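> Below are the structure tokens for one structure; questions will follow.
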Amino acid sequence: MPAQRWFSQFESLSVAISDRVEMHSILALQRDNWNRLFHNTITMASVSAAVASSVNGAVPAQGLQVVAIILGMGAAALMALVSKFQPSQLAEEQRHAARFFKRLGADVEATLHVDPRLCEEASAYWERSVGTFHALDRAFPLPLTPIVVEKFPKHVGPSQLSGEVDLSRPEVEVSWQSHSNGWTSSAVEDLKRTANLLHDSDIPEYVNMANNAKIINLILSITSPLLATAGVALNIAGCPSVAAAVTVGSLFAHTLTHALQMGVVYEVYRNCAGYYADVEKSIERVLRLPVQKREDARIFLQKTSMLLGRTPGVTPMAEISDKKAGILF
């Protein structure tokens, strides 16, 4: 394909990426506003319900009981809604999406201005970039429903930030001599050791932390609406003083959930695992390309080192004694 046509295709992709960045940034602000609105509304309704129950306990009045029940039911319903959709986590998802699309856009723009001899072959780079673009669309859906990232999945895994690697394709052997683009057997061994460390250490560590955050978030998300519902039941049963205490407890649990932001913590850890999984995929992908179609070895090693938070140009990238490949997080 002529170079001008490749350039036009990548320009079109760059425009689409910029559009995604803008859309996800807007949605992040919108869902953050939802989070604040829900929290303020729940706080006011719970406090009002607790005050009405307390006054009703001191000076019994049918009207105060009805007010406390209605406000308590409203607070419980909103708590259940927030627990289901996790607005703070939704906002964090969109912030991460905007960041990853920005990274992809910057990579495409930078590649368009690099000497073609230093880049991987155009068709392979196009396939990888489009695969990443669609993978990010699937990982961070724009609509709230019906496609939504599950907040409490049974099995926690790293976020999918790029297309899958075709593992059926064997790795291409590299001779001990240096090729014109710098690939040697020592560079390949360095990358393989780094990929194995990522797979066995870094990724499982952050998946485990994400799973722990999910469990804590699930407990807190169940506790607050249950307590609010118990407060309503106690008001109906004619125990206003106890109902006031339980309602305050539900507000405390909700405020703790809001303050700890465990949904956000879960999303951060999940995306840290996804980030390292993406680096592992990039290594696996390049090792399956014909040597002449690969990016310059020195540049690829430097890019990988910087992605892992390591000093570029230092070989080997990860020592045999190292327990982790990444030191960025």
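To be explicit about the labels: the chains of the structure tokens are called A, B, and onward in the order shown, and within each one the residues are counted from 1, while ligands get numbers from 1 in the order they are shown.
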Region 146-178 of chain A near region 262-274 of chain A within 7 Å: what's each residue's closest atom pair and its distance in Å to one decimal, counting only C-alpha atoms, ordered by chain then ascending residue number, as a tab-separated table?

residue	atom	partner	partner_atom	distance
A:Gly157	CA	A:Arg270	CA	6.9
A:Pro158	CA	A:Gly274	CA	4.3
A:Ser159	CA	A:Gly274	CA	4.5
A:Gln160	CA	A:Gly274	CA	6.0
A:Leu161	CA	A:Gly274	CA	6.4
> Would you mind listing, for every residue of region 222-306 of chain A within 9 Å of region 72-89 of chain A, the two atoms forming the shortest contact and the distance between them in Å to one decimal, using only C-alpha atoms, sorted by chain and ascending residue number, as a Markdown table?

| residue | atom | partner | partner_atom | distance |
| --- | --- | --- | --- | --- |
| A:Ile222 | CA | A:Ser83 | CA | 7.2 |
| A:Ser224 | CA | A:Met79 | CA | 6.8 |
| A:Pro225 | CA | A:Ala76 | CA | 4.9 |
| A:Leu226 | CA | A:Ala76 | CA | 7.6 |
| A:Leu227 | CA | A:Ala76 | CA | 8.2 |
| A:Ala228 | CA | A:Ala76 | CA | 5.0 |
| A:Thr229 | CA | A:Ala76 | CA | 5.8 |
| A:Gly231 | CA | A:Gly72 | CA | 7.0 |
| A:Val232 | CA | A:Gly72 | CA | 5.6 |
| A:Thr247 | CA | A:Gly72 | CA | 7.5 |
| A:Ser250 | CA | A:Ala76 | CA | 8.7 |
| A:Leu251 | CA | A:Ala75 | CA | 9.0 |
| A:His254 | CA | A:Met79 | CA | 7.4 |
| A:His258 | CA | A:Ser88 | CA | 8.2 |
| A:Gln261 | CA | A:Ser88 | CA | 7.1 |
| A:Met262 | CA | A:Gln89 | CA | 8.4 |
| A:Gly263 | CA | A:Gln89 | CA | 5.0 |
| A:Val264 | CA | A:Gln89 | CA | 4.8 |
| A:Val265 | CA | A:Gln89 | CA | 8.4 |
| A:Tyr266 | CA | A:Gln89 | CA | 8.2 |
| A:Glu267 | CA | A:Gln89 | CA | 6.7 |
> Put those residues in a file: N, CA and C atoms, as an mmCIF file, in the first residue's frame.

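Output below, filename part-v9.cif:
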data_model
loop_
_atom_site.group_PDB
_atom_site.id
_atom_site.type_symbol
_atom_site.label_atom_id
_atom_site.label_comp_id
_atom_site.auth_asym_id
_atom_site.auth_seq_id
_atom_site.Cartn_x
_atom_site.Cartn_y
_atom_site.Cartn_z
ATOM 1 N N ILE A 222 -23.414 -3.639 50.788
ATOM 2 C CA ILE A 222 -24.590 -4.356 51.292
ATOM 3 C C ILE A 222 -25.034 -3.793 52.644
ATOM 4 N N SER A 224 -24.903 -0.694 54.164
ATOM 5 C CA SER A 224 -25.638 0.568 54.309
ATOM 6 C C SER A 224 -27.113 0.462 53.906
ATOM 7 N N PRO A 225 -27.476 -0.109 52.756
ATOM 8 C CA PRO A 225 -28.907 -0.213 52.452
ATOM 9 C C PRO A 225 -29.660 -1.157 53.392
ATOM 10 N N LEU A 226 -28.971 -2.207 53.899
ATOM 11 C CA LEU A 226 -29.619 -3.105 54.847
ATOM 12 C C LEU A 226 -29.959 -2.382 56.146
ATOM 13 N N LEU A 227 -29.009 -1.588 56.650
ATOM 14 C CA LEU A 227 -29.260 -0.829 57.875
ATOM 15 C C LEU A 227 -30.367 0.202 57.670
ATOM 16 N N ALA A 228 -30.362 0.864 56.501
ATOM 17 C CA ALA A 228 -31.403 1.852 56.220
ATOM 18 C C ALA A 228 -32.777 1.190 56.165
ATOM 19 N N THR A 229 -32.836 0.002 55.560
ATOM 20 C CA THR A 229 -34.105 -0.747 55.501
ATOM 21 C C THR A 229 -34.544 -1.180 56.895
ATOM 22 N N GLY A 231 -33.914 0.431 59.621
ATOM 23 C CA GLY A 231 -34.424 1.643 60.268
ATOM 24 C C GLY A 231 -35.876 1.896 59.901
ATOM 25 N N VAL A 232 -36.198 1.697 58.631
ATOM 26 C CA VAL A 232 -37.596 1.861 58.185
ATOM 27 C C VAL A 232 -38.492 0.845 58.882
ATOM 28 N N THR A 247 -30.637 4.296 61.672
ATOM 29 C CA THR A 247 -30.541 5.160 60.488
ATOM 30 C C THR A 247 -29.217 5.912 60.466
ATOM 31 N N SER A 250 -26.627 3.527 59.355
ATOM 32 C CA SER A 250 -26.626 3.318 57.903
ATOM 33 C C SER A 250 -25.930 4.476 57.186
ATOM 34 N N LEU A 251 -26.150 5.696 57.705
ATOM 35 C CA LEU A 251 -25.483 6.859 57.107
ATOM 36 C C LEU A 251 -23.971 6.779 57.317
ATOM 37 N N HIS A 254 -22.622 4.289 54.850
ATOM 38 C CA HIS A 254 -22.603 4.866 53.496
ATOM 39 C C HIS A 254 -21.477 5.891 53.358
ATOM 40 N N HIS A 258 -18.348 5.885 50.858
ATOM 41 C CA HIS A 258 -18.050 7.024 49.982
ATOM 42 C C HIS A 258 -16.626 7.528 50.208
ATOM 43 N N GLN A 261 -13.890 4.894 49.045
ATOM 44 C CA GLN A 261 -13.870 4.746 47.584
ATOM 45 C C GLN A 261 -13.294 3.398 47.159
ATOM 46 N N MET A 262 -13.802 2.326 47.780
ATOM 47 C CA MET A 262 -13.245 1.011 47.488
ATOM 48 C C MET A 262 -13.517 0.583 46.046
ATOM 49 N N GLY A 263 -14.620 1.076 45.457
ATOM 50 C CA GLY A 263 -14.864 0.787 44.043
ATOM 51 C C GLY A 263 -13.788 1.385 43.161
ATOM 52 N N VAL A 264 -13.358 2.602 43.526
ATOM 53 C CA VAL A 264 -12.280 3.259 42.788
ATOM 54 C C VAL A 264 -10.964 2.507 42.995
ATOM 55 N N VAL A 265 -10.710 2.090 44.246
ATOM 56 C CA VAL A 265 -9.485 1.332 44.549
ATOM 57 C C VAL A 265 -9.459 0.031 43.735
ATOM 58 N N TYR A 266 -10.602 -0.649 43.687
ATOM 59 C CA TYR A 266 -10.708 -1.877 42.890
ATOM 60 C C TYR A 266 -10.370 -1.595 41.424
ATOM 61 N N GLU A 267 -10.938 -0.509 40.886
ATOM 62 C CA GLU A 267 -10.713 -0.173 39.480
ATOM 63 C C GLU A 267 -9.248 0.172 39.224
#
> Please, what distance in Å, to one decimal, runs between CA of Ala237 (chain A) and CA of Ala253 (chain A)?
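Computing the Euclidean distance for CA of Ala237 (chain A) and CA of Ala253 (chain A) yields 22.9 Å.
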> Using only C-alpha atoms, which of A:Val291, A:Ala68, A:Ile219, A:Leu308 sits nearest Val55 (chain A)?
A:Ala68
> Any chance you could list, as a PyMOL selection string, the residues in region 77-305 of chain A that come up helix (DSSP H, G or I) when DSSP is run on the backbone?
chain A and resi 77-85+87-112+116-118+122-139+185-236+240-260+262-287+291-293+297-305
> Write out as a ChimeraX atom specification the residues lying within 8 Å of Thr257 (chain A), counting only C-alpha atoms and excluding same-chain residues fewer than 6 positions away.
/A:217,220-221
> With distances taken over only C-alpha atoms, which residue among A:Thr43, A:Asn35, A:Ser123, A:Ser53 lies nearest Ala233 (chain A)?
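Between A:Thr43, A:Asn35, A:Ser123, A:Ser53, the residue approaching Ala233 (chain A) most closely is A:Ser53.
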